[in-house]
$ cat protein_5.cif   # mmCIF, C-alpha atoms and all ligand atoms
data_query
#
loop_
_atom_site.label_atom_id
_atom_site.label_comp_id
_atom_site.auth_asym_id
_atom_site.auth_seq_id
_atom_site.Cartn_x
_atom_site.Cartn_y
_atom_site.Cartn_z
CA MET A 1 6.46 -28.06 14.86
CA GLN A 2 5.23 -27.90 18.45
CA THR A 3 7.48 -24.94 19.30
CA PHE A 4 6.14 -22.89 16.37
CA ALA A 5 2.53 -23.45 17.46
CA GLU A 6 3.42 -22.61 21.07
CA GLU A 7 5.08 -19.39 20.01
CA LEU A 8 2.02 -18.40 18.01
CA ASP A 9 -0.19 -19.11 21.05
CA GLN A 10 2.12 -16.95 23.12
CA LEU A 11 1.76 -14.10 20.59
CA ARG A 12 -2.04 -14.49 20.76
CA SER A 13 -2.04 -14.31 24.56
CA GLU A 14 0.08 -11.13 24.45
CA GLY A 15 -2.20 -9.48 21.89
CA LEU A 16 0.66 -9.49 19.35
CA TYR A 17 -0.62 -12.09 16.88
CA ARG A 18 -0.91 -10.78 13.30
CA SER A 19 -2.95 -11.86 10.32
CA MET A 20 -3.84 -10.40 6.93
CA ARG A 21 -7.02 -8.72 5.75
CA VAL A 22 -8.04 -9.33 2.15
CA ILE A 23 -9.28 -6.47 0.00
CA LYS A 24 -11.50 -7.22 -2.98
CA GLY A 25 -11.08 -4.96 -5.99
CA ALA A 26 -8.78 -2.01 -6.51
CA GLN A 27 -7.11 0.24 -3.94
CA GLY A 28 -9.26 3.37 -3.64
CA SER A 29 -10.37 5.75 -0.90
CA HIS A 30 -12.89 3.05 0.02
CA VAL A 31 -12.32 -0.67 -0.29
CA ASP A 32 -14.34 -3.85 -0.10
CA LEU A 33 -13.44 -5.77 3.06
CA ASP A 34 -15.36 -8.91 4.05
CA GLY A 35 -18.18 -7.84 1.75
CA LYS A 36 -18.44 -4.41 3.37
CA ARG A 37 -17.41 -1.08 1.87
CA VAL A 38 -15.10 0.72 4.32
CA LEU A 39 -13.12 3.95 4.39
CA LEU A 40 -9.46 3.09 3.81
CA LEU A 41 -7.36 4.92 6.40
CA CYS A 42 -4.23 2.76 6.34
CA SER A 43 -2.84 2.78 2.82
CA ASN A 44 0.38 4.41 1.63
CA ASN A 45 -1.27 5.17 -1.72
CA TYR A 46 -1.14 8.83 -0.67
CA LEU A 47 -1.94 10.44 -4.01
CA GLY A 48 -4.40 7.77 -5.11
CA LEU A 49 -2.15 6.81 -8.04
CA ALA A 50 -2.36 3.04 -7.44
CA ASP A 51 -5.70 3.07 -9.23
CA HIS A 52 -5.13 6.04 -11.54
CA ALA A 53 -6.22 5.67 -15.18
CA ALA A 54 -2.89 6.97 -16.54
CA LEU A 55 -0.94 4.34 -14.58
CA ARG A 56 -3.34 1.59 -15.62
CA ARG A 57 -2.88 2.59 -19.27
CA ALA A 58 0.90 2.63 -18.85
CA ALA A 59 0.82 -0.86 -17.33
CA VAL A 60 -1.14 -2.16 -20.32
CA MET A 61 1.36 -0.54 -22.68
CA GLY A 62 4.18 -2.08 -20.66
CA VAL A 63 2.76 -5.53 -21.32
CA ALA A 64 3.52 -4.94 -24.99
CA PHE A 65 7.12 -5.68 -23.98
CA GLY A 66 6.11 -8.99 -22.40
CA VAL A 67 5.32 -9.99 -18.86
CA GLY A 68 8.63 -11.06 -17.37
CA SER A 69 12.08 -9.52 -17.58
CA GLY A 70 13.62 -12.97 -17.73
CA ALA A 71 16.85 -12.40 -15.82
CA SER A 72 18.72 -10.21 -13.37
CA ARG A 73 20.00 -6.81 -14.47
CA LEU A 74 23.62 -7.81 -15.12
CA VAL A 75 22.65 -10.87 -17.16
CA SER A 76 19.96 -10.02 -19.72
CA GLY A 77 17.26 -8.42 -17.56
CA THR A 78 18.07 -4.77 -18.32
CA MET A 79 15.40 -3.58 -20.77
CA ASP A 80 15.19 -0.09 -22.19
CA LEU A 81 12.32 0.65 -19.79
CA HIS A 82 14.73 0.13 -16.85
CA GLU A 83 17.07 2.67 -18.38
CA GLU A 84 14.26 5.08 -19.16
CA LEU A 85 12.89 4.90 -15.61
CA GLU A 86 16.37 5.36 -14.15
CA ARG A 87 17.00 8.42 -16.30
CA ARG A 88 13.61 9.77 -15.26
CA ILE A 89 14.34 9.23 -11.54
CA ALA A 90 17.78 10.87 -11.81
CA ARG A 91 16.13 13.90 -13.44
CA PHE A 92 13.44 13.91 -10.74
CA LYS A 93 15.97 13.87 -7.90
CA GLY A 94 18.59 16.02 -9.63
CA THR A 95 21.35 13.41 -9.39
CA GLU A 96 23.87 12.13 -11.94
CA ARG A 97 22.32 8.69 -12.02
CA ALA A 98 19.70 6.43 -10.46
CA LEU A 99 19.21 2.68 -10.11
CA VAL A 100 15.95 0.81 -9.75
CA PHE A 101 15.64 -1.86 -7.05
CA ASN A 102 12.89 -4.48 -6.76
CA SER A 103 11.46 -3.07 -3.52
CA GLY A 104 12.31 -0.63 -0.78
CA TYR A 105 13.30 -3.54 1.43
CA ALA A 106 15.66 -4.85 -1.24
CA ALA A 107 17.04 -1.36 -1.84
CA ASN A 108 17.90 -0.66 1.79
CA THR A 109 19.43 -4.05 2.49
CA GLY A 110 21.36 -3.94 -0.80
CA ILE A 111 22.57 -0.34 -0.64
CA ILE A 112 23.66 -0.33 2.99
CA SER A 113 25.40 -3.71 2.91
CA ALA A 114 27.22 -2.62 -0.27
CA LEU A 115 28.39 0.80 0.89
CA VAL A 116 29.72 -0.28 4.29
CA GLY A 117 31.20 -3.48 5.69
CA ARG A 118 33.35 -4.88 8.47
CA GLY A 119 35.39 -2.11 10.11
CA ASP A 120 33.08 0.64 8.82
CA THR A 121 30.57 2.58 10.91
CA ILE A 122 26.83 3.25 10.56
CA PHE A 123 24.97 5.96 12.48
CA SER A 124 21.25 5.17 12.45
CA ASP A 125 18.16 6.77 14.00
CA LYS A 126 16.52 4.45 16.56
CA LEU A 127 13.18 4.67 14.72
CA ASN A 128 14.55 3.91 11.25
CA HIS A 129 12.60 1.40 9.17
CA ALA A 130 13.19 -2.35 9.66
CA SER A 131 14.79 -2.63 6.21
CA ILE A 132 17.49 -0.15 7.28
CA VAL A 133 18.03 -2.10 10.49
CA ASP A 134 18.35 -5.32 8.49
CA GLY A 135 20.70 -3.71 5.94
CA ALA A 136 22.91 -2.52 8.78
CA LEU A 137 22.97 -6.00 10.34
CA LEU A 138 23.77 -7.59 7.00
CA SER A 139 26.64 -5.19 6.39
CA ARG A 140 28.57 -6.36 9.49
CA ALA A 141 29.59 -2.73 10.07
CA ASN A 142 29.61 -1.26 13.59
CA VAL A 143 26.16 0.19 14.18
CA HIS A 144 25.49 3.12 16.51
CA ARG A 145 21.83 3.95 16.99
CA TYR A 146 21.08 7.45 18.23
CA PRO A 147 17.86 8.48 20.02
CA HIS A 148 15.15 9.55 17.60
CA ARG A 149 16.09 12.82 15.82
CA ASP A 150 18.59 13.67 18.59
CA MET A 151 21.26 15.63 16.73
CA ALA A 152 23.36 16.32 19.84
CA ALA A 153 23.59 12.56 20.37
CA LEU A 154 24.45 11.99 16.71
CA GLU A 155 27.21 14.60 16.87
CA ARG A 156 28.60 13.06 20.05
CA LEU A 157 28.75 9.66 18.37
CA LEU A 158 30.37 11.07 15.24
CA ARG A 159 33.01 12.72 17.41
CA GLU A 160 33.60 9.79 19.74
CA LYS A 161 33.57 6.99 17.14
CA PRO A 162 35.99 8.27 14.52
CA GLY A 163 36.90 4.78 13.20
CA THR A 164 39.16 4.26 10.24
CA GLY A 165 36.75 3.01 7.59
CA ARG A 166 33.76 4.51 5.80
CA ARG A 167 31.07 6.26 7.79
CA LEU A 168 27.40 6.28 6.84
CA ILE A 169 24.62 8.28 8.45
CA VAL A 170 21.25 6.81 7.49
CA THR A 171 17.77 8.04 8.26
CA ASP A 172 14.15 7.82 7.20
CA GLY A 173 13.08 11.16 5.64
CA VAL A 174 9.54 10.72 6.99
CA PHE A 175 9.42 8.27 9.89
CA SER A 176 6.97 5.62 8.85
CA MET A 177 5.19 5.04 12.16
CA ASP A 178 5.35 8.57 13.61
CA GLY A 179 4.97 10.77 10.53
CA ASP A 180 7.61 13.23 11.69
CA LEU A 181 10.62 14.41 9.65
CA ALA A 182 14.34 13.86 9.98
CA PRO A 183 16.22 17.12 10.75
CA LEU A 184 17.98 16.93 7.40
CA ARG A 185 19.52 20.41 7.44
CA LYS A 186 21.49 19.61 10.56
CA MET A 187 22.28 16.11 9.28
CA VAL A 188 23.78 17.48 6.07
CA GLN A 189 25.96 19.81 8.12
CA LEU A 190 27.09 16.99 10.44
CA ALA A 191 27.80 14.64 7.54
CA ARG A 192 30.08 17.26 5.95
CA GLU A 193 31.77 18.23 9.19
CA TYR A 194 32.50 14.65 10.25
CA ASP A 195 33.24 13.23 6.82
CA ALA A 196 30.33 10.81 6.58
CA LEU A 197 28.01 9.85 3.74
CA LEU A 198 24.33 10.74 4.24
CA MET A 199 21.62 8.37 3.02
CA VAL A 200 17.93 9.30 3.24
CA ASP A 201 15.14 6.74 2.87
CA ASP A 202 12.27 8.84 1.55
CA ALA A 203 9.75 6.05 1.11
CA HIS A 204 6.95 8.24 2.44
CA GLY A 205 8.04 11.63 1.10
CA THR A 206 8.58 10.71 -2.55
CA GLY A 207 5.99 12.33 -4.83
CA VAL A 208 4.25 13.85 -1.84
CA LEU A 209 6.41 16.39 0.01
CA GLY A 210 8.11 19.54 -1.24
CA ALA A 211 6.82 22.12 -3.69
CA THR A 212 7.32 19.75 -6.64
CA GLY A 213 6.96 16.40 -4.84
CA ARG A 214 10.71 15.65 -4.78
CA GLY A 215 10.33 14.65 -1.14
CA THR A 216 11.61 15.51 2.32
CA ALA A 217 14.96 16.83 1.05
CA GLU A 218 13.14 19.29 -1.21
CA LEU A 219 10.81 20.35 1.60
CA LEU A 220 13.80 21.04 3.86
CA GLY A 221 15.92 22.61 1.11
CA VAL A 222 18.77 20.08 1.09
CA MET A 223 18.43 18.22 -2.21
CA ASP A 224 22.15 18.63 -2.96
CA GLY A 225 23.33 17.73 0.54
CA VAL A 226 22.10 14.12 0.47
CA ASP A 227 24.61 11.61 -0.93
CA ILE A 228 22.19 8.71 -1.47
CA HIS A 229 18.50 9.40 -2.03
CA MET A 230 16.57 6.15 -1.56
CA GLY A 231 12.85 6.16 -2.30
CA THR A 232 10.05 3.79 -3.13
CA LEU A 233 7.75 3.63 -6.15
CA GLY A 234 4.95 1.72 -4.41
CA LYS A 235 3.61 4.35 -2.04
CA GLY A 236 3.01 7.94 -3.18
CA LEU A 237 3.91 6.97 -6.74
CA GLY A 238 1.29 4.21 -6.78
CA SER A 239 3.40 1.59 -8.60
CA PHE A 240 6.00 -0.83 -7.24
CA GLY A 241 9.75 -0.98 -6.63
CA ALA A 242 12.35 1.44 -5.31
CA TYR A 243 15.41 3.42 -6.29
CA ALA A 244 18.76 4.82 -5.27
CA ALA A 245 19.59 8.22 -6.79
CA ALA A 246 23.20 9.33 -6.33
CA SER A 247 26.45 10.15 -8.09
CA GLU A 248 27.63 8.17 -11.10
CA THR A 249 30.37 6.60 -8.95
CA ILE A 250 28.07 5.47 -6.15
CA CYS A 251 25.55 4.03 -8.61
CA ASP A 252 28.28 2.26 -10.54
CA TYR A 253 29.58 0.88 -7.24
CA LEU A 254 26.09 -0.39 -6.33
CA VAL A 255 25.76 -2.13 -9.70
CA ASN A 256 28.92 -4.01 -8.82
CA ARG A 257 28.36 -4.58 -5.12
CA ALA A 258 24.67 -4.44 -4.10
CA ARG A 259 23.65 -8.07 -3.82
CA SER A 260 19.89 -7.45 -3.96
CA PHE A 261 20.46 -5.61 -7.26
CA ILE A 262 22.79 -8.22 -8.71
CA PHE A 263 21.19 -11.48 -7.64
CA SER A 264 17.49 -10.91 -8.31
CA THR A 265 15.33 -10.97 -11.44
CA SER A 266 14.69 -7.37 -12.48
CA LEU A 267 11.30 -5.63 -12.37
CA PRO A 268 8.93 -6.45 -15.25
CA PRO A 269 7.86 -3.92 -17.94
CA ALA A 270 4.27 -3.62 -16.67
CA VAL A 271 5.68 -2.30 -13.38
CA LEU A 272 8.31 -0.01 -14.91
CA ALA A 273 5.97 1.80 -17.31
CA PRO A 274 3.48 2.96 -14.62
CA SER A 275 6.39 4.23 -12.51
CA ILE A 276 7.44 6.46 -15.41
CA ALA A 277 3.81 7.58 -15.84
CA ALA A 278 3.62 8.34 -12.10
CA LEU A 279 6.70 10.61 -12.26
CA ASP A 280 5.19 12.45 -15.24
CA LEU A 281 1.97 12.85 -13.31
CA VAL A 282 3.75 14.16 -10.20
CA ASP A 283 5.36 16.82 -12.44
CA SER A 284 2.06 17.82 -14.01
CA ARG A 285 -0.57 20.31 -12.88
CA GLU A 286 -2.65 17.35 -11.68
CA GLY A 287 0.25 16.26 -9.46
CA LYS A 288 0.34 19.68 -7.82
CA GLU A 289 -3.45 19.58 -7.32
CA LEU A 290 -3.21 16.15 -5.72
CA ARG A 291 -0.48 17.33 -3.32
CA ASP A 292 -2.56 20.39 -2.41
CA ARG A 293 -5.65 18.27 -1.85
CA LEU A 294 -3.64 15.87 0.31
CA ALA A 295 -2.26 18.73 2.43
CA ALA A 296 -5.77 20.15 2.92
CA ASN A 297 -7.11 16.72 3.93
CA VAL A 298 -4.25 16.21 6.39
CA ALA A 299 -4.86 19.62 7.99
CA LEU A 300 -8.60 18.96 8.30
CA PHE A 301 -8.15 15.50 9.83
CA LYS A 302 -5.48 16.61 12.30
CA LYS A 303 -7.56 19.59 13.41
CA SER A 304 -10.53 17.34 14.18
CA LEU A 305 -8.37 14.86 16.10
CA ALA A 306 -6.59 17.58 18.08
CA GLY A 307 -9.97 19.15 18.91
CA ALA A 308 -11.07 15.81 20.36
CA GLY A 309 -7.93 15.66 22.52
CA PHE A 310 -5.92 12.93 20.75
CA ASP A 311 -2.12 12.81 20.83
CA THR A 312 -0.90 12.58 17.22
CA MET A 313 2.70 12.08 18.31
CA GLY A 314 4.26 15.07 16.58
CA SER A 315 3.18 14.05 13.08
CA GLU A 316 4.24 16.58 10.42
CA THR A 317 2.89 14.69 7.41
CA GLN A 318 0.10 12.56 5.96
CA ILE A 319 1.03 9.76 8.38
CA VAL A 320 -1.08 10.53 11.44
CA PRO A 321 -0.60 8.22 14.41
CA ILE A 322 -3.10 8.25 17.26
CA PHE A 323 -1.36 7.31 20.49
CA VAL A 324 -3.14 4.58 22.45
CA GLY A 325 -0.48 2.78 24.56
CA PRO A 326 -1.39 -0.83 25.38
CA ALA A 327 -1.63 -3.40 22.57
CA GLU A 328 -5.04 -4.78 23.64
CA THR A 329 -6.76 -1.37 23.67
CA THR A 330 -5.19 -0.52 20.32
CA MET A 331 -6.50 -3.67 18.69
CA GLN A 332 -9.92 -3.24 20.26
CA PHE A 333 -9.99 0.35 18.95
CA SER A 334 -9.12 -0.85 15.44
CA LYS A 335 -11.75 -3.64 15.59
CA GLU A 336 -14.53 -1.31 16.71
CA LEU A 337 -13.65 1.24 14.05
CA LEU A 338 -13.89 -1.44 11.40
CA GLU A 339 -17.38 -2.27 12.65
CA GLN A 340 -18.15 1.41 12.06
CA GLY A 341 -16.82 1.23 8.49
CA ILE A 342 -13.31 2.66 9.09
CA PHE A 343 -10.30 0.53 8.24
CA VAL A 344 -7.23 1.57 10.23
CA GLN A 345 -4.53 -0.75 11.54
CA GLY A 346 -3.26 -0.90 15.09
CA ILE A 347 0.54 -0.85 15.24
CA ARG A 348 2.22 -2.95 17.93
CA PRO A 349 5.68 -4.30 18.82
CA PRO A 350 7.98 -5.20 17.20
CA THR A 351 7.06 -2.43 14.73
CA VAL A 352 6.93 0.14 17.56
CA PRO A 353 8.29 0.02 21.13
CA ALA A 354 6.10 -1.71 23.78
CA GLY A 355 3.70 0.70 25.47
CA SER A 356 3.58 3.02 22.44
CA CYS A 357 0.97 1.15 20.40
CA ARG A 358 -1.02 3.38 18.12
CA LEU A 359 -3.52 3.58 15.32
CA ARG A 360 -1.58 4.61 12.24
CA CYS A 361 -3.94 6.66 10.08
CA THR A 362 -2.75 7.59 6.61
CA ILE A 363 -4.47 10.27 4.58
CA MET A 364 -4.96 10.23 0.82
CA ALA A 365 -5.56 13.01 -1.70
CA THR A 366 -8.56 11.04 -2.93
CA HIS A 367 -10.32 11.00 0.44
CA ASP A 368 -13.49 13.05 0.50
CA PRO A 369 -13.04 15.73 3.21
CA ALA A 370 -16.57 15.02 4.51
CA ASP A 371 -15.63 11.33 4.99
CA LEU A 372 -12.50 12.33 6.91
CA GLU A 373 -14.46 14.62 9.21
CA ALA A 374 -17.06 11.94 9.85
CA ALA A 375 -14.26 9.42 10.51
CA ALA A 376 -12.59 11.77 13.01
CA HIS A 377 -15.91 12.07 14.88
CA THR A 378 -16.33 8.31 15.00
CA ILE A 379 -12.73 7.89 16.15
CA ALA A 380 -13.37 10.41 18.93
CA ARG A 381 -16.55 8.61 20.02
CA MET A 382 -14.70 5.26 20.17
CA GLY A 383 -11.68 6.88 21.82
CA LYS A 384 -13.88 8.17 24.65
CA LYS A 385 -15.57 4.83 25.06
CA LEU A 386 -12.18 3.05 25.36
CA GLY A 387 -10.70 5.69 27.68
CA VAL A 388 -8.05 6.84 25.19
CA ILE A 389 -9.20 10.46 25.49
N1 LIG A 401 11.51 2.22 4.00
C1 LIG A 401 10.46 2.70 4.68
C2 LIG A 401 10.64 3.92 5.54
C3 LIG A 401 9.21 2.06 4.59
O1 LIG A 401 8.16 2.52 5.28
C4 LIG A 401 9.08 0.93 3.75
C5 LIG A 401 7.74 0.23 3.52
N2 LIG A 401 6.97 0.00 4.60
C6 LIG A 401 10.21 0.45 3.10
C7 LIG A 401 11.40 1.12 3.23
C8 LIG A 401 10.14 -0.78 2.24
O2 LIG A 401 9.64 -0.48 0.99
P1 LIG A 401 8.91 -1.58 0.10
O3 LIG A 401 7.53 -1.71 0.66
O4 LIG A 401 8.95 -1.06 -1.29
O5 LIG A 401 9.71 -2.84 0.27
#
$ encode --input "protein_5.cif" --output "structure tokens" --more "lines below"
Ligand code: PMP
Amino acid sequence: MQTFAEELDQLRSEGLYRSMRVIKGAQGSHVDLDGKRVLLLCSNNYLGLADHAALRRAAVMGVAFGVGSGASRLVSGTMDLHEELERRIARFKGTERALVFNSGYAANTGIISALVGRGDTIFSDKLNHASIVDGALLSRANVHRYPHRDMAALERLLREKPGTGRRLIVTDGVFSMDGDLAPLRKMVQLAREYDALLMVDDAHGTGVLGATGRGTAELLGVMDGVDIHMGTLGKGLGSFGAYAAASETICDYLVNRARSFIFSTSLPPAVLAPSIAALDLVDSREGKELRDRLAANVALFKKSLAGAGFDTMGSETQIVPIFVGPAETTMQFSKELLEQGIFVQGIRPPTVPAGSCRLRCTIMATHDPADLEAAAHTIARMGKKLGVI
């Protein structure tokens, strides 16, 4: 036990120790933290659906089918709500079929380790999410990581590492800590030219990006060029879980080979029903209004930050990092903002490379623009005080 405690002390001394903050009540634009109402600037509930009345109602209706699903999908845990949600997701993404996974983490580890194995090759962006990294490790395939969004480097690797087995290019659609986009047009072209499958993890684009909320691939006009669309239901869609949307063959293969799909109790009805409601909402006029409101909020917040002289690290989306650098300053920044009623997390290694610590601000459609402007002013005042700007 001694070594565990020592390691924790070491983390504390390096400013890398982590602990959890507890929110009382529902997830809204403001939350109750330690008895204080604060502006929530670090949630992935981008459209505010996590606390939406239509999703709440759907969850209650879902409970009519019981609380638990009782078994894994291939045993007796496939209920008609699973099928309905999967049909709905396939329609949403324009694919032959879709499969629901229990979380984005489970989806990435399950999908990647199923599609490729020993002797196969994975090409992965250096800033891809941890669940992609873990899926790649689990697969035992050869992994080549290319510098972030560097398509010349990706092409070089595809050319120089022909291999004999399957080849998978995998990328975040929206990079979760930087808020920039994968160059999907070029990636589709490279995947075709070099005979590789292309998988896009659109955890942060789903429901949010593109004219109809289909995500990064819609925004960049490549819906048909992506072989495996992975996305999550717990961020923009406000519910919980994840999916793979792909061809009938790939989905059928995953049913037979993806261990996180096969060996885990399936999602319960009260989680499936709100996911269906969320997709309906995204397709409605209200969904479009929420996306428009989110885009306006993002533009307003970024303009204020840029005016103050912050580096937002090339963000192209509702994920707006503020570059700080050292871990200690980042955590101090976050602490002082909380004292001012703004809840935003500092992001440190191992989530991001050392020396590139940042505040990761995330904007929601349900934020009041006046609150965002006031927050940007407070952030600027604190940034000056700490020497960040
Ligand atoms: N992929 C990306 C890009 C993510 O940001 C996340 C969540 N942080 C996941 C996958 C995992 O999704 P989930 O939270 O549903 O496990």
$ atom_distance --input "protein_5.cif" --atom1 "CA of Leu81 (chain A)" --atom2 "CA of Gly210 (chain A)"
26.8 Å
$ residues_around --input "protein_5.cif" --residues "Glu328 (chain A)" --least-positions-apart "4" --cutoff "9 Å" --atoms "all atoms listed in the file" --output "short mmCIF file (atom, residue, chain, number, x, y, z; two decimals) with C-alpha atoms, keeping the file's coordinate frame"
data_model
loop_
_atom_site.label_atom_id
_atom_site.label_comp_id
_atom_site.auth_asym_id
_atom_site.auth_seq_id
_atom_site.Cartn_x
_atom_site.Cartn_y
_atom_site.Cartn_z
CA GLU A 14 0.08 -11.13 24.45
CA GLY A 15 -2.20 -9.48 21.89
CA LEU A 16 0.66 -9.49 19.35
CA GLN A 332 -9.92 -3.24 20.26
CA PHE A 333 -9.99 0.35 18.95
#
$ residues_around --input "protein_5.cif" --residues "region 22-30 of chain A" --least-positions-apart "5" --cutoff "6 Å" --atoms "only C-alpha atoms" --output "PyMOL selection string"
chain A and resi 38-40+366-367
$ residues_around --input "protein_5.cif" --residues "region 151-164 of chain A" --least-positions-apart "6" --cutoff "8 Å" --atoms "all atoms listed in the file" --output "PyMOL selection string"
chain A and resi 119-121+123+144+183+186-187+190+194
$ write_last_selection --input "protein_5.cif" --atoms "C-alpha atoms" --output "PDB file, keeping the file's coordinate frame"
ATOM      1  CA  GLY A 119      35.390  -2.110  10.110  1.00  0.00           C
ATOM      2  CA  ASP A 120      33.080   0.640   8.820  1.00  0.00           C
ATOM      3  CA  THR A 121      30.570   2.580  10.910  1.00  0.00           C
ATOM      4  CA  PHE A 123      24.970   5.960  12.480  1.00  0.00           C
ATOM      5  CA  HIS A 144      25.490   3.120  16.510  1.00  0.00           C
ATOM      6  CA  PRO A 183      16.220  17.120  10.750  1.00  0.00           C
ATOM      7  CA  LYS A 186      21.490  19.610  10.560  1.00  0.00           C
ATOM      8  CA  MET A 187      22.280  16.110   9.280  1.00  0.00           C
ATOM      9  CA  LEU A 190      27.090  16.990  10.440  1.00  0.00           C
ATOM     10  CA  TYR A 194      32.500  14.650  10.250  1.00  0.00           C
TER      11      TYR A 194
END
$ residues_near_point --input "protein_5.cif" --point "(2.7, 4.5, -7.8)" --cutoff "7 Å" --atoms "all atoms listed in the file" --output "PyMOL selection string"
chain A and resi 49-50+233-240+275+278
$ residues_around --input "protein_5.cif" --residues "Ala107 (chain A)" --least-positions-apart "5" --cutoff "8 Å" --atoms "only C-alpha atoms" --output "PyMOL selection string"
chain A and resi 101-102+230+242-244+260-261
$ closest_atom_pairs --input "protein_5.cif" --of "chain A" --to "ligand LIG 401 (chain A)" --cutoff "8 Å" --atoms "all atoms listed in the file" --output "JSON lines"
{"residue": "A:Asn102", "atom": "CA", "partner": "A:LIG401", "partner_atom": "O4", "distance": 7.6}
{"residue": "A:Ser103", "atom": "CA", "partner": "A:LIG401", "partner_atom": "O4", "distance": 3.9}
{"residue": "A:Gly104", "atom": "CA", "partner": "A:LIG401", "partner_atom": "O2", "distance": 3.2}
{"residue": "A:Tyr105", "atom": "CA", "partner": "A:LIG401", "partner_atom": "O5", "distance": 3.8}
{"residue": "A:Ala106", "atom": "CA", "partner": "A:LIG401", "partner_atom": "O5", "distance": 6.5}
{"residue": "A:Ala107", "atom": "CA", "partner": "A:LIG401", "partner_atom": "O5", "distance": 7.8}
{"residue": "A:Asn108", "atom": "CA", "partner": "A:LIG401", "partner_atom": "C7", "distance": 6.9}
{"residue": "A:Asn128", "atom": "CA", "partner": "A:LIG401", "partner_atom": "C2", "distance": 6.9}
{"residue": "A:His129", "atom": "CA", "partner": "A:LIG401", "partner_atom": "C2", "distance": 4.8}
{"residue": "A:Ala130", "atom": "CA", "partner": "A:LIG401", "partner_atom": "N1", "distance": 7.5}
{"residue": "A:Ser131", "atom": "CA", "partner": "A:LIG401", "partner_atom": "C7", "distance": 5.9}
{"residue": "A:Ile132", "atom": "CA", "partner": "A:LIG401", "partner_atom": "N1", "distance": 7.2}
{"residue": "A:Asp172", "atom": "CA", "partner": "A:LIG401", "partner_atom": "C2", "distance": 5.5}
{"residue": "A:Gly173", "atom": "CA", "partner": "A:LIG401", "partner_atom": "C2", "distance": 7.6}
{"residue": "A:Val174", "atom": "CA", "partner": "A:LIG401", "partner_atom": "C2", "distance": 7.0}
{"residue": "A:Phe175", "atom": "CA", "partner": "A:LIG401", "partner_atom": "C2", "distance": 6.3}
{"residue": "A:Ser176", "atom": "CA", "partner": "A:LIG401", "partner_atom": "O1", "distance": 4.9}
{"residue": "A:Met177", "atom": "CA", "partner": "A:LIG401", "partner_atom": "O1", "distance": 7.9}
{"residue": "A:Asp201", "atom": "CA", "partner": "A:LIG401", "partner_atom": "N1", "distance": 5.9}
{"residue": "A:Asp202", "atom": "CA", "partner": "A:LIG401", "partner_atom": "C2", "distance": 6.5}
{"residue": "A:Ala203", "atom": "CA", "partner": "A:LIG401", "partner_atom": "C1", "distance": 4.9}
{"residue": "A:His204", "atom": "CA", "partner": "A:LIG401", "partner_atom": "C2", "distance": 6.5}
{"residue": "A:Gly231", "atom": "CA", "partner": "A:LIG401", "partner_atom": "N1", "distance": 7.6}
{"residue": "A:Thr232", "atom": "CA", "partner": "A:LIG401", "partner_atom": "O4", "distance": 5.3}
{"residue": "A:Leu233", "atom": "CA", "partner": "A:LIG401", "partner_atom": "O4", "distance": 6.9}
{"residue": "A:Gly234", "atom": "CA", "partner": "A:LIG401", "partner_atom": "O4", "distance": 5.8}
{"residue": "A:Lys235", "atom": "CA", "partner": "A:LIG401", "partner_atom": "O4", "distance": 7.6}
{"residue": "A:Phe240", "atom": "CA", "partner": "A:LIG401", "partner_atom": "O4", "distance": 6.6}
{"residue": "A:Gly241", "atom": "CA", "partner": "A:LIG401", "partner_atom": "O4", "distance": 5.4}
{"residue": "A:Ala242", "atom": "CA", "partner": "A:LIG401", "partner_atom": "O4", "distance": 5.8}
$ closest_residue --input "protein_5.cif" --among "A:Val282, A:Ala5, A:Ile276, A:Cys42" --to "Phe343 (chain A)" --atoms "only C-alpha atoms"
A:Cys42
$ residues_around --input "protein_5.cif" --residues "Met61 (chain A)" --least-positions-apart "2" --cutoff "12 Å" --atoms "all atoms listed in the file" --output "list in words"
Ala54, Leu55, Arg56, Arg57, Ala58, Ala59, Val63, Ala64, Phe65, Gly66, Val67, Leu81, Pro269, Ala270, Val271, Leu272, Ala273, Pro274, Ile276 and Ala277 of chain A
$ atom_distance --input "protein_5.cif" --atom1 "CA of Cys357 (chain A)" --atom2 "CA of Val344 (chain A)"
13.1 Å
$ decode --input "protein_5.cif" --residues "region 188-193 of chain A" --atoms "N, CA and C atoms" --output "PDB file, in the first residue's frame"
ATOM      1  N   VAL A 188     -10.469  10.735 -46.361  1.00  0.00           N
ATOM      2  CA  VAL A 188     -11.293   9.844 -47.183  1.00  0.00           C
ATOM      3  C   VAL A 188     -10.522   9.486 -48.452  1.00  0.00           C
ATOM      4  N   GLN A 189      -9.906  10.503 -49.044  1.00  0.00           N
ATOM      5  CA  GLN A 189      -9.141  10.280 -50.273  1.00  0.00           C
ATOM      6  C   GLN A 189      -7.969   9.325 -50.023  1.00  0.00           C
ATOM      7  N   LEU A 190      -7.251   9.529 -48.914  1.00  0.00           N
ATOM      8  CA  LEU A 190      -6.103   8.664 -48.603  1.00  0.00           C
ATOM      9  C   LEU A 190      -6.553   7.235 -48.302  1.00  0.00           C
ATOM     10  N   ALA A 191      -7.669   7.111 -47.584  1.00  0.00           N
ATOM     11  CA  ALA A 191      -8.161   5.767 -47.246  1.00  0.00           C
ATOM     12  C   ALA A 191      -8.470   4.991 -48.522  1.00  0.00           C
ATOM     13  N   ARG A 192      -9.082   5.682 -49.504  1.00  0.00           N
ATOM     14  CA  ARG A 192      -9.433   5.005 -50.765  1.00  0.00           C
ATOM     15  C   ARG A 192      -8.168   4.647 -51.535  1.00  0.00           C
ATOM     16  N   GLU A 193      -7.272   5.644 -51.612  1.00  0.00           N
ATOM     17  CA  GLU A 193      -6.062   5.453 -52.432  1.00  0.00           C
ATOM     18  C   GLU A 193      -5.178   4.336 -51.883  1.00  0.00           C
TER      19      GLU A 193
END
